[in-house]
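Quick look at run_28.txt (compact mmCIF, C-alpha atoms and all ligand atoms):
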# COMPACT_ATOMS: atom_id res chain seq x y z
CA MET O 1 -116.92 18.60 26.95
CA PRO O 2 -120.03 20.30 28.36
CA ALA O 3 -122.09 22.21 25.83
CA ALA O 4 -121.40 25.46 27.63
CA ALA O 5 -117.70 25.16 26.91
CA LYS O 6 -118.26 25.24 23.17
CA THR O 7 -117.82 28.45 21.26
CA ALA O 8 -120.35 29.50 18.66
CA ARG O 9 -119.73 28.53 15.08
CA ARG O 10 -119.58 31.51 12.82
CA VAL O 11 -121.09 32.14 9.40
CA VAL O 12 -120.42 35.24 7.34
CA LEU O 13 -123.13 36.36 4.96
CA TYR O 14 -120.86 38.10 2.53
CA GLU O 15 -122.51 40.85 0.48
CA GLY O 16 -119.31 42.80 -0.03
CA ALA O 17 -117.17 43.42 -3.10
CA GLY O 18 -117.39 40.50 -5.54
CA SER O 19 -120.72 39.22 -4.24
CA GLN O 20 -124.32 40.14 -5.05
CA PRO O 21 -126.74 40.97 -2.22
CA LEU O 22 -129.48 38.48 -1.35
CA GLU O 23 -133.18 39.30 -1.59
CA ALA O 24 -134.39 40.64 1.78
CA ALA O 25 -136.83 37.77 2.37
CA GLN O 26 -134.22 35.16 1.53
CA ARG O 27 -131.69 36.89 3.78
CA ARG O 28 -134.13 36.95 6.70
CA GLN O 29 -135.06 33.31 6.27
CA LEU O 30 -131.44 32.21 6.03
CA LEU O 31 -130.48 34.25 9.09
CA ALA O 32 -133.34 32.83 11.16
CA LEU O 33 -132.49 29.25 10.14
CA LEU O 34 -128.82 29.67 11.02
CA LEU O 35 -129.46 31.46 14.32
CA ASP O 36 -132.01 28.90 15.42
CA ARG O 37 -129.36 26.23 14.82
CA GLY O 38 -126.93 28.03 17.12
CA TYR O 39 -124.70 29.81 14.59
CA THR O 40 -123.31 33.30 14.94
CA VAL O 41 -123.86 35.23 11.72
CA SER O 42 -122.16 38.41 10.50
CA ARG O 43 -123.62 40.28 7.57
CA VAL O 44 -120.92 42.06 5.59
CA ARG O 45 -121.89 44.98 3.34
CA PRO O 46 -119.84 46.48 0.48
CA ASP O 47 -118.17 49.00 2.79
CA GLY O 48 -117.24 46.30 5.28
CA GLU O 49 -114.91 43.39 5.63
CA VAL O 50 -114.87 40.01 7.33
CA SER O 51 -113.46 40.73 10.75
CA GLU O 52 -110.72 38.59 12.22
CA HIS O 53 -112.32 35.33 13.19
CA GLY O 54 -109.87 34.26 15.85
CA GLY O 55 -109.74 30.65 14.74
CA ASP O 56 -113.52 30.23 14.77
CA ASP O 57 -114.87 27.62 12.44
CA LEU O 58 -115.80 30.13 9.73
CA VAL O 59 -118.06 29.56 6.72
CA VAL O 60 -118.49 32.42 4.22
CA LEU O 61 -121.69 32.41 2.15
CA GLY O 62 -122.20 34.69 -0.82
CA ARG O 63 -123.62 35.07 -4.29
CA PHE O 64 -120.17 35.43 -5.72
CA ASP O 65 -119.84 37.02 -9.12
CA THR O 66 -116.06 36.82 -9.01
CA PRO O 67 -114.06 33.60 -8.92
CA VAL O 68 -113.04 32.84 -5.35
CA SER O 69 -109.37 32.92 -6.32
CA GLU O 70 -109.80 36.49 -7.53
CA LEU O 71 -111.62 37.80 -4.49
CA ALA O 72 -109.47 40.44 -2.85
CA ASN O 73 -107.90 39.25 0.37
CA SER O 74 -108.44 42.80 1.64
CA SER O 75 -112.18 42.03 1.84
CA PHE O 76 -111.30 39.27 4.26
CA ASN O 77 -109.22 41.33 6.62
CA GLY O 78 -105.98 40.09 5.06
CA GLN O 79 -107.04 36.47 5.54
CA ASP O 80 -106.47 34.19 2.58
CA ALA O 81 -109.90 33.90 0.94
CA GLY O 82 -108.99 30.46 -0.36
CA ALA O 83 -108.33 29.21 3.17
CA LEU O 84 -111.82 30.19 4.35
CA ASN O 85 -114.79 27.91 3.74
CA LEU O 86 -116.38 29.92 0.93
CA ARG O 87 -119.67 28.63 -0.44
CA ASP O 88 -121.53 30.08 -3.41
CA ILE O 89 -125.26 30.20 -2.65
CA SER O 90 -126.32 31.95 -5.88
CA SER O 91 -128.76 29.22 -6.80
CA ALA O 92 -129.41 27.79 -3.33
CA THR O 93 -132.58 28.09 -1.26
CA PRO O 94 -132.05 29.13 2.37
CA GLU O 95 -132.44 25.47 3.43
CA GLU O 96 -129.84 24.39 0.88
CA ALA O 97 -127.48 27.13 2.07
CA VAL O 98 -127.87 25.85 5.65
CA ALA O 99 -127.10 22.33 4.43
CA MET O 100 -123.86 23.64 2.89
CA VAL O 101 -122.90 25.15 6.25
CA GLU O 102 -123.76 21.98 8.12
CA GLU O 103 -121.65 19.99 5.72
CA VAL O 104 -118.60 22.05 6.67
CA THR O 105 -119.28 22.05 10.40
CA GLN O 106 -120.12 18.35 10.46
CA SER O 107 -116.88 17.47 8.75
CA SER O 108 -115.05 19.49 11.41
CA GLY O 109 -116.92 17.61 14.14
CA GLU O 110 -118.54 20.76 15.52
CA GLN O 111 -122.05 19.77 16.45
CA PRO O 112 -124.35 21.95 18.52
CA GLU O 113 -125.63 20.43 21.71
CA TYR O 114 -128.86 21.56 23.24
CA TRP O 115 -128.49 23.15 26.64
CA LYS O 116 -130.85 25.80 27.88
CA PRO O 117 -128.35 28.35 29.15
CA TRP O 118 -129.68 28.73 32.66
CA PHE O 119 -127.23 29.92 35.28
CA PRO O 120 -126.81 32.78 37.75
CA VAL O 121 -125.16 36.01 36.65
CA ILE O 122 -123.81 38.29 39.36
CA ASP O 123 -124.41 42.03 39.30
CA TYR O 124 -121.14 43.18 40.90
CA ASP O 125 -122.50 46.73 41.22
CA ARG O 126 -124.72 45.30 43.97
CA CYS O 127 -122.87 42.26 45.32
CA THR O 128 -121.26 42.72 48.74
CA ASN O 129 -119.36 39.42 48.58
CA CYS O 130 -121.25 38.03 51.57
CA MET O 131 -120.94 34.42 50.25
CA GLN O 132 -124.53 33.46 51.13
CA CYS O 133 -125.06 32.12 47.62
CA LEU O 134 -121.94 30.00 47.91
CA SER O 135 -123.09 28.55 51.25
CA PHE O 136 -126.55 27.90 49.86
CA CYS O 137 -125.92 26.20 46.53
CA LEU O 138 -125.58 22.44 46.74
CA PHE O 139 -124.44 21.97 43.18
CA ASP O 140 -121.04 23.72 43.22
CA VAL O 141 -122.23 26.44 40.87
CA TYR O 142 -120.45 29.15 42.87
CA GLY O 143 -116.78 29.47 43.68
CA VAL O 144 -114.29 32.02 44.93
CA THR O 145 -111.60 33.67 42.78
CA GLN O 146 -108.00 33.78 43.93
CA ASP O 147 -108.54 37.31 45.17
CA GLY O 148 -111.51 36.26 47.30
CA GLN O 149 -114.39 37.33 45.09
CA ILE O 150 -117.54 35.32 44.64
CA THR O 151 -117.85 33.97 41.12
CA VAL O 152 -119.99 31.63 39.06
CA ARG O 153 -117.75 28.67 38.41
CA ASN O 154 -119.82 25.79 37.07
CA GLU O 155 -122.66 27.23 35.01
CA THR O 156 -123.83 23.89 33.64
CA ASN O 157 -124.29 22.47 37.15
CA CYS O 158 -127.16 24.89 37.73
CA LYS O 159 -130.62 23.31 37.83
CA THR O 160 -132.61 24.53 34.83
CA ASP O 161 -135.38 27.00 35.71
CA CYS O 162 -134.43 27.05 39.40
CA PRO O 163 -133.86 30.62 40.61
CA ALA O 164 -133.62 29.70 44.31
CA CYS O 165 -130.20 31.22 45.01
CA SER O 166 -131.34 34.59 43.74
CA ARG O 167 -133.85 34.61 46.61
CA VAL O 168 -131.09 34.02 49.08
CA CYS O 169 -129.04 37.01 47.98
CA PRO O 170 -129.68 39.87 50.38
CA GLU O 171 -128.63 42.43 47.76
CA VAL O 172 -130.81 41.30 44.83
CA ALA O 173 -127.50 40.83 42.99
CA ILE O 174 -128.17 37.48 41.35
CA LEU O 175 -129.78 37.50 37.93
CA PHE O 176 -131.15 34.76 35.77
CA PRO O 177 -131.55 36.52 32.41
CA LYS O 178 -134.00 33.91 31.16
CA TYR O 179 -136.27 34.14 34.24
CA LYS O 180 -139.84 35.25 33.60
CA ALA O 181 -140.05 38.16 36.04
CA GLY O 182 -138.11 41.08 37.46
CA PRO O 183 -135.86 41.90 39.11
CA ILE O 184 -134.33 38.41 38.74
CA ASN O 185 -134.42 38.73 34.94
CA GLY O 186 -132.34 41.92 35.13
CA ASP O 187 -135.22 44.39 35.24
CA GLU O 188 -134.65 47.49 37.35
CA ILE O 189 -134.93 46.95 41.10
CA SER O 190 -137.88 48.79 42.56
CA GLU O 191 -138.39 50.12 46.08
CA ASP O 192 -140.87 47.28 46.56
CA ASP O 193 -138.22 44.71 45.68
CA LEU O 194 -135.86 46.21 48.24
CA ARG O 195 -138.57 46.29 50.91
CA ARG O 196 -139.31 42.64 50.21
CA GLU O 197 -135.62 41.87 50.66
CA ALA O 198 -135.56 43.59 54.03
CA MET O 199 -138.61 41.63 55.21
CA LYS O 200 -137.53 38.38 53.65
CA VAL O 201 -137.21 35.40 55.94
CA ASP O 202 -133.70 34.13 56.04
CA ILE O 203 -134.22 31.55 53.34
CA SER O 204 -130.60 30.58 53.59
CA SER O 205 -131.07 29.30 57.10
CA LEU O 206 -134.48 27.96 56.15
CA LEU O 207 -133.06 25.89 53.33
CA GLY O 208 -129.73 25.27 54.97
CA GLY O 209 -131.29 24.26 58.25
CA ASP O 210 -134.95 23.52 58.70
CA ILE O 211 -135.75 22.12 55.34
CA TYR O 212 -132.70 19.95 55.12
CA SER O 213 -133.32 18.61 58.60
CA MET O 214 -136.96 18.02 57.64
CA LEU O 215 -135.68 16.10 54.70
CA ARG O 216 -133.35 14.12 56.89
CA ASP O 217 -136.11 13.32 59.36
CA ARG O 218 -138.42 12.32 56.58
CA ASN O 219 -135.77 10.16 55.05
CA ALA O 220 -135.06 8.56 58.40
CA LYS O 221 -138.76 7.82 58.86
CA ALA O 222 -138.98 6.49 55.36
CA LYS O 223 -135.93 4.33 55.98
CA SER O 224 -137.34 2.75 59.13
CA ARG O 225 -140.68 2.24 57.50
CA PHE O 226 -139.11 0.46 54.57
CA SER O 227 -136.15 -1.06 56.36
CA LYS O 228 -137.58 -4.56 56.18
CA GLU O 229 -138.45 -4.61 52.56
CA ARG O 230 -135.76 -2.18 51.35
CA ASP O 231 -138.02 -1.26 48.53
CA ASP O 232 -136.02 1.36 46.63
CA GLU O 233 -138.87 2.29 44.42
CA ARG O 234 -141.23 2.98 47.28
CA ALA O 235 -138.51 4.87 49.11
CA LEU O 236 -138.02 7.02 46.04
CA LYS O 237 -141.75 7.66 45.84
CA GLU O 238 -141.77 8.69 49.48
CA ARG O 239 -138.93 11.08 48.87
CA GLN O 240 -140.70 12.58 45.89
CA ARG O 241 -143.90 12.98 47.92
CA CYS O 242 -141.93 14.67 50.65
CA LEU O 243 -140.21 16.95 48.16
CA LYS O 244 -143.50 17.85 46.54
CA LYS O 245 -144.82 18.85 49.93
CA LEU O 246 -141.73 20.90 50.60
CA SER O 247 -142.14 22.56 47.26
CA GLN O 248 -145.71 23.52 48.17
CA GLN O 249 -144.49 24.91 51.48
CA MET O 250 -141.91 26.89 49.61
CA GLU O 251 -144.46 28.32 47.21
CA GLY O 252 -143.14 31.54 45.83
CA LEU O 253 -139.61 30.27 45.71
CA ASP O 254 -140.43 28.85 42.31
CA ILE O 255 -138.13 25.88 42.64
CA PRO O 256 -139.02 23.41 39.90
CA ALA O 257 -140.03 19.90 40.95
CA GLU O 258 -137.16 18.43 38.89
CA ALA O 259 -134.62 20.42 40.88
CA LEU O 260 -136.14 19.24 44.15
CA ALA O 261 -136.35 15.68 42.92
CA ASN O 262 -132.70 15.84 41.95
CA LEU O 263 -131.53 16.97 45.36
CA PRO O 264 -128.82 14.72 46.69
CA SER O 265 -129.67 12.38 49.55
CA ALA O 266 -130.10 13.96 52.97
CA ASP O 267 -126.63 12.81 54.01
CA GLU O 268 -125.08 14.22 50.90
CA ILE O 269 -126.94 17.47 51.46
CA GLN O 270 -125.48 17.75 54.94
CA PHE O 271 -122.04 17.01 53.60
CA LYS O 272 -122.24 19.42 50.67
CA ALA O 273 -123.76 22.18 52.79
CA ALA O 274 -120.93 21.79 55.30
CA GLN O 275 -118.32 21.87 52.52
CA ALA O 276 -119.84 24.96 50.89
CA LYS O 277 -120.05 26.69 54.27
CA LYS O 278 -116.42 25.88 54.95
CA LEU O 279 -115.37 27.37 51.62
CA ALA O 280 -117.48 30.48 52.23
CA ASP O 281 -116.17 30.88 55.78
CA SER O 282 -112.57 30.58 54.71
CA ALA O 283 -113.08 33.09 51.87
CA LEU O 284 -114.74 35.51 54.29
CA ALA O 285 -111.96 35.05 56.85
CA LYS O 286 -109.32 35.65 54.17
CA ASN O 287 -111.14 38.76 52.96
CA ARG O 288 -111.33 40.08 56.53
CA ALA O 289 -107.62 39.44 57.05
CA ASP O 290 -106.75 41.15 53.75
CA ALA O 291 -108.96 44.17 54.41
CA PRO O 292 -107.12 47.37 55.40
CA PRO O 293 -107.52 48.10 59.12
CA SER O 294 -110.43 50.44 59.83
CA GLU O 295 -109.50 53.76 61.40
CA MET A 1 -116.05 50.23 8.84
CA ALA A 2 -118.56 53.06 8.47
CA SER A 3 -121.71 51.05 9.22
CA PRO A 4 -123.37 51.21 12.62
CA ARG A 5 -122.30 48.41 14.91
CA ILE A 6 -125.30 46.31 15.72
CA LEU A 7 -125.52 43.03 17.58
CA TYR A 8 -128.76 41.09 17.55
CA CYS A 9 -129.44 38.31 20.03
CA ARG A 10 -131.89 35.64 18.88
CA CYS A 11 -132.45 34.25 22.39
CA ALA A 12 -132.69 30.90 20.67
CA TYR A 13 -132.81 28.62 23.71
CA ALA A 14 -135.74 30.16 25.58
CA LYS A 15 -138.95 31.99 24.89
CA VAL A 16 -138.28 35.06 26.97
CA VAL A 17 -138.20 37.48 24.04
CA PRO A 18 -141.56 37.43 22.25
CA GLN A 19 -141.23 35.58 18.94
CA ALA A 20 -143.00 38.35 17.02
CA VAL A 21 -140.55 40.92 18.35
CA LYS A 22 -137.41 38.98 17.59
CA ASP A 23 -138.72 38.03 14.14
CA GLY A 24 -139.78 41.62 13.45
CA VAL A 25 -136.38 43.00 14.46
CA LEU A 26 -134.57 40.44 12.32
CA GLU A 27 -136.82 41.38 9.43
CA GLY A 28 -136.03 45.07 9.92
CA LEU A 29 -132.30 44.36 9.99
CA SER A 30 -132.54 42.10 6.93
CA GLU A 31 -134.38 44.72 4.94
CA SER A 32 -131.96 47.47 5.89
CA GLU A 33 -128.69 48.23 4.17
CA THR A 34 -126.85 47.74 7.45
CA ALA A 35 -124.05 45.39 8.39
CA PHE A 36 -124.64 43.60 11.66
CA ASP A 37 -123.67 40.66 13.81
CA ALA A 38 -126.31 38.23 15.00
CA VAL A 39 -125.85 35.58 17.66
CA ALA A 40 -128.01 32.64 18.61
CA ASP A 41 -127.95 33.19 22.35
CA LEU A 42 -125.78 35.61 24.31
CA CYS A 43 -126.44 33.68 27.51
CA GLN A 44 -124.96 30.54 25.96
CA MET A 45 -121.93 32.47 24.72
CA SER A 46 -121.41 34.02 28.15
CA ALA A 47 -121.54 30.63 29.87
CA ALA A 48 -119.02 29.33 27.33
CA LYS A 49 -116.81 32.44 27.84
CA ASP A 50 -116.87 32.64 24.05
CA PRO A 51 -113.92 34.76 22.87
CA ALA A 52 -116.19 36.29 20.21
CA LEU A 53 -117.78 38.31 23.03
CA GLN A 54 -114.47 40.08 23.60
CA ARG A 55 -114.26 41.04 19.94
CA LEU A 56 -117.81 42.40 20.08
CA SER A 57 -117.47 44.18 23.41
CA LYS A 58 -114.49 46.23 22.28
CA GLN A 59 -116.52 48.11 19.68
CA SER A 60 -117.50 51.56 20.79
CA GLY A 61 -120.95 52.78 19.85
CA LEU A 62 -122.25 49.22 19.80
CA LYS A 63 -126.03 48.76 19.90
CA ILE A 64 -127.24 45.42 21.25
CA ALA A 65 -130.76 44.14 20.69
CA ALA A 66 -131.35 41.62 23.47
CA CYS A 67 -133.07 41.90 26.84
CA TYR A 68 -132.66 43.91 30.07
CA PRO A 69 -129.54 46.12 30.05
CA ARG A 70 -128.47 44.94 33.53
CA ALA A 71 -128.56 41.31 32.38
CA VAL A 72 -126.68 41.99 29.15
CA LYS A 73 -124.02 44.07 30.92
CA TRP A 74 -123.24 41.36 33.46
CA LEU A 75 -123.42 38.52 30.93
CA PHE A 76 -120.60 40.20 29.01
CA ALA A 77 -118.69 40.93 32.21
CA ALA A 78 -119.00 37.28 33.25
CA ALA A 79 -117.26 36.31 30.00
CA ASN A 80 -114.38 38.70 30.74
CA ALA A 81 -115.67 40.98 27.99
CA PRO A 82 -116.88 44.16 29.71
CA LEU A 83 -118.93 46.42 27.46
CA GLN A 84 -117.92 50.00 26.66
CA ASP A 85 -119.79 52.71 28.57
CA ASP A 86 -121.36 54.01 25.37
CA THR A 87 -122.92 50.64 24.49
CA GLN A 88 -126.65 50.99 23.95
CA ILE A 89 -129.00 48.18 24.84
CA VAL A 90 -132.35 47.74 23.14
CA ASN A 91 -134.64 45.64 25.28
CA MET A 92 -136.71 43.35 23.05
CA ARG A 93 -138.50 41.99 26.13
CA THR A 94 -140.27 45.27 26.69
CA LEU A 95 -140.26 47.06 23.33
CA SER A 96 -142.19 46.29 20.17
CA ALA A 97 -140.38 45.23 17.00
CA GLU A 98 -140.94 48.70 15.50
CA GLN A 99 -139.62 50.48 18.58
CA SER A 100 -136.61 48.18 18.72
CA CYS A 101 -135.84 48.67 15.02
CA GLN A 102 -136.20 52.40 15.38
CA GLN A 103 -133.72 52.43 18.25
CA LEU A 104 -131.27 50.24 16.35
CA LEU A 105 -131.49 51.78 12.92
CA GLY A 106 -133.02 55.23 13.43
CA GLY A 107 -134.03 56.70 10.08
CA ALA A 108 -132.68 53.64 8.26
CA CYS A 109 -135.37 51.45 9.82
CA PRO A 110 -137.47 50.15 6.88
CA SER A 111 -140.65 49.50 8.88
CA ALA A 112 -140.56 52.57 11.13
CA GLU A 113 -143.45 54.95 10.55
CA ALA A 114 -142.37 57.74 12.83
CA PRO A 115 -139.36 58.24 15.05
CA THR A 116 -139.95 57.44 18.71
CA ASP A 117 -138.81 59.66 21.54
CA ASP A 118 -137.23 56.78 23.41
CA ALA A 119 -133.51 56.59 22.97
CA PRO A 120 -131.89 53.24 23.76
CA GLN A 121 -130.37 53.04 27.20
CA THR A 122 -126.60 53.30 27.40
CA LEU A 123 -124.73 51.59 30.19
CA GLU A 124 -123.90 55.04 31.57
CA ASP A 125 -127.62 55.85 32.09
S1 LIG O 301 -125.43 36.30 48.07
FE1 LIG O 301 -125.51 38.07 46.69
S2 LIG O 301 -124.32 39.68 47.71
FE2 LIG O 301 -123.80 37.74 48.70
S3 LIG O 301 -121.97 37.02 47.56
FE3 LIG O 301 -123.75 36.05 46.59
S4 LIG O 301 -124.27 37.48 44.91
FE4 LIG O 301 -122.93 38.61 46.32
S1 LIG O 302 -129.01 37.91 26.61
FE1 LIG O 302 -131.19 38.09 26.97
S2 LIG O 302 -132.08 37.98 24.90
FE2 LIG O 302 -130.00 37.16 24.76
S3 LIG O 302 -130.14 34.95 25.12
FE3 LIG O 302 -129.78 35.84 27.13
S4 LIG O 302 -131.85 36.18 27.96
FE4 LIG O 302 -132.09 35.88 25.75

Now, as a test, write the supplied structure out as structure tokens.
Ligand code: SF4
Ligand code: SF4
Amino acid sequence: MPAAAKTARRVVLYEGAGSQPLEAAQRRQLLALLLDRGYTVSRVRPDGEVSEHGGDDLVVLGRFDTPVSELANSSFNGQDAGALNLRDISSATPEEAVAMVEEVTQSSGEQPEYWKPWFPVIDYDRCTNCMQCLSFCLFDVYGVTQDGQITVRNETNCKTDCPACSRVCPEVAILFPKYKAGPINGDEISEDDLRREAMKVDISSLLGGDIYSMLRDRNAKAKSRFSKERDDERALKERQRCLKKLSQQMEGLDIPAEALANLPSADEIQFKAAQAKKLADSALAKNRADAPPSE
Amino acid sequence: MASPRILYCRCAYAKVVPQAVKDGVLEGLSESETAFDAVADLCQMSAAKDPALQRLSKQSGLKIAACYPRAVKWLFAAANAPLQDDTQIVNMRTLSAEQSCQQLLGGACPSAEAPTDDAPQTLED
């Protein structure tokens, strides 16, 4: 299963009835350790309760001064306290408390996997459903919903740190929340940003046309040059050199070298681009057919 | 539950929120008497369509300490968990730890020296 399909594992820091509060410094250290390991943590105070956990893998930590069997189920939102993974951390350091949590989650097979969550997020207040992003992306990140709306379908296919499709969007509607600069990171869109959009070269056709055909030509040249020796390694080097050059030409697009180096072969690019265009065209045609007639 | 509803995002898988700010805000929350939820990375949860986001998004008066309001709004929407209009977003990418704590906790903020004029942005703004 891809990492992105995993739900967060949840820890409750229980400082409610029947449990003593932690020292502030210990609480902060424990929270930071758990969060940095990918856990979701809820701090429960005496006036609160453990909210319904919806089947999450829940571990409840506390400095319990009441035997677990006597803890009121009402503090646990009617859930049977005995059925939750309660752990007493009265004499544990934050590291030891984390080890107790990991023991539970390891035995349930829930292990975090590292994946930098990098994927496009669509601002539907701005999106006009033009499908340019769908036509542009070669990695099947975008799709179309049953009712003809553009959507992000395969988040984990997105190339880490590559914001290229956001540059293609004519409406500045594609965000990458972890991008370094606005408006792609979700910052407000300024007049300058909009002016830039209006003046922007049609990158879609640039990348969909010129650059891909440049790639193809380059590849063809490389092929004939190496046809005798069929030296894969040298061919790869040539492709990388060509991609590096393209990347320099596309300065400002901020496409990372890894993303360029991982582009499919020129033939595959042509094939994927044609497929994506077909999908976009059919979605657009369907949307036009479904639209109410203009008066 | 009477406590303010606060959600803190650790932005664990990238360095876009300054470390000092996210540590300072976590310290402020830890020192306060407030109940809160804290998540490792809202982006990761959105990509995973984590059902916990639906539980969180249904709370009215929720304050979220994360990044740009437009990004947070659409991350929740992408996980089929649209936020309530009165949700307030505290942007730790642009605010200091003190300002963020002040916006989250108001007078209950342990490290706040003086109240700031800036109110957190709601999604209606
Ligand atoms: S390119 Fe932008 S406006 Fe067009 S469908 Fe994609 S997100 Fe929407
Ligand atoms: S929502 Fe913002 S602060 Fe949270 S993980 Fe994503 S980019 Fe980081």

**Q.** Within 8 Å of chain A: residues of chain O, using only C-alpha atoms, as JSON, numbers by chain
**A.** {"O": [3, 4, 5, 6, 7, 8, 24, 25, 27, 28, 32, 35, 36, 37, 38, 39, 40, 41, 42, 43, 44, 45, 47, 48, 49, 54, 115, 116, 117, 118, 119, 121, 122, 123, 124, 155, 175, 176, 177, 178, 179, 180, 185, 186, 187, 188]}

Q. Smallest atom-to-atom distance to O:Arg10: which of O:Thr105, O:Gly62, O:Ile89, O:Ser190, using all atoms listed in the file?
A.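 Answer, going by the shortest atom-to-atom distance: O:Thr105.
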
Kindly compute an axis-aligned box around the listed atoms of ligand LIG 301 (chain O), allowing 3 Å on each side, and express its centre and edge lengths in Å to one decimal as JSON.
{"center_x": -123.7, "center_y": 37.9, "center_z": 46.8, "size_x": 9.5, "size_y": 9.6, "size_z": 9.8}

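Across the structure, atom CA of O:Val172 and atom CA of O:Ala289 are spaced 26.3 Å apart.
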
Q. Hey, what's within 9 Å of A:Gln54 if we count all atoms listed in the file and toss same-chain stuff fewer than 4 positions away? As a ChimeraX atom specification, please?
A. /A:50,58,76,79-83

Q: Write as a ChimeraX atom specification the residues around ligand LIG 301 (chain O), taking 7 Å as the cut-off and counting only C-alpha atoms and all ligand atoms.
A: /O:122,126-134,150,168-174

Q) What is the distance, in Å and to one decimal place, between atom CA of A:Ser96 and atom S2 of ligand LIG 302 (chain O)? A) 13.9 Å

**Q.** Point-to-point distance in Å for atom S2 of ligand LIG 302 (chain O) and atom CA of O:Thr156
**A.**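 According to the coordinates, atom CA of O:Thr156 and atom S2 of ligand LIG 302 (chain O) are separated by 18.5 Å.
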
Q: Between O:Val104, O:Ala181, O:Val59, O:Ser135, single out the one closest to ligand LIG 302 (chain O), counting only C-alpha atoms and all ligand atoms.
A: O:Ala181
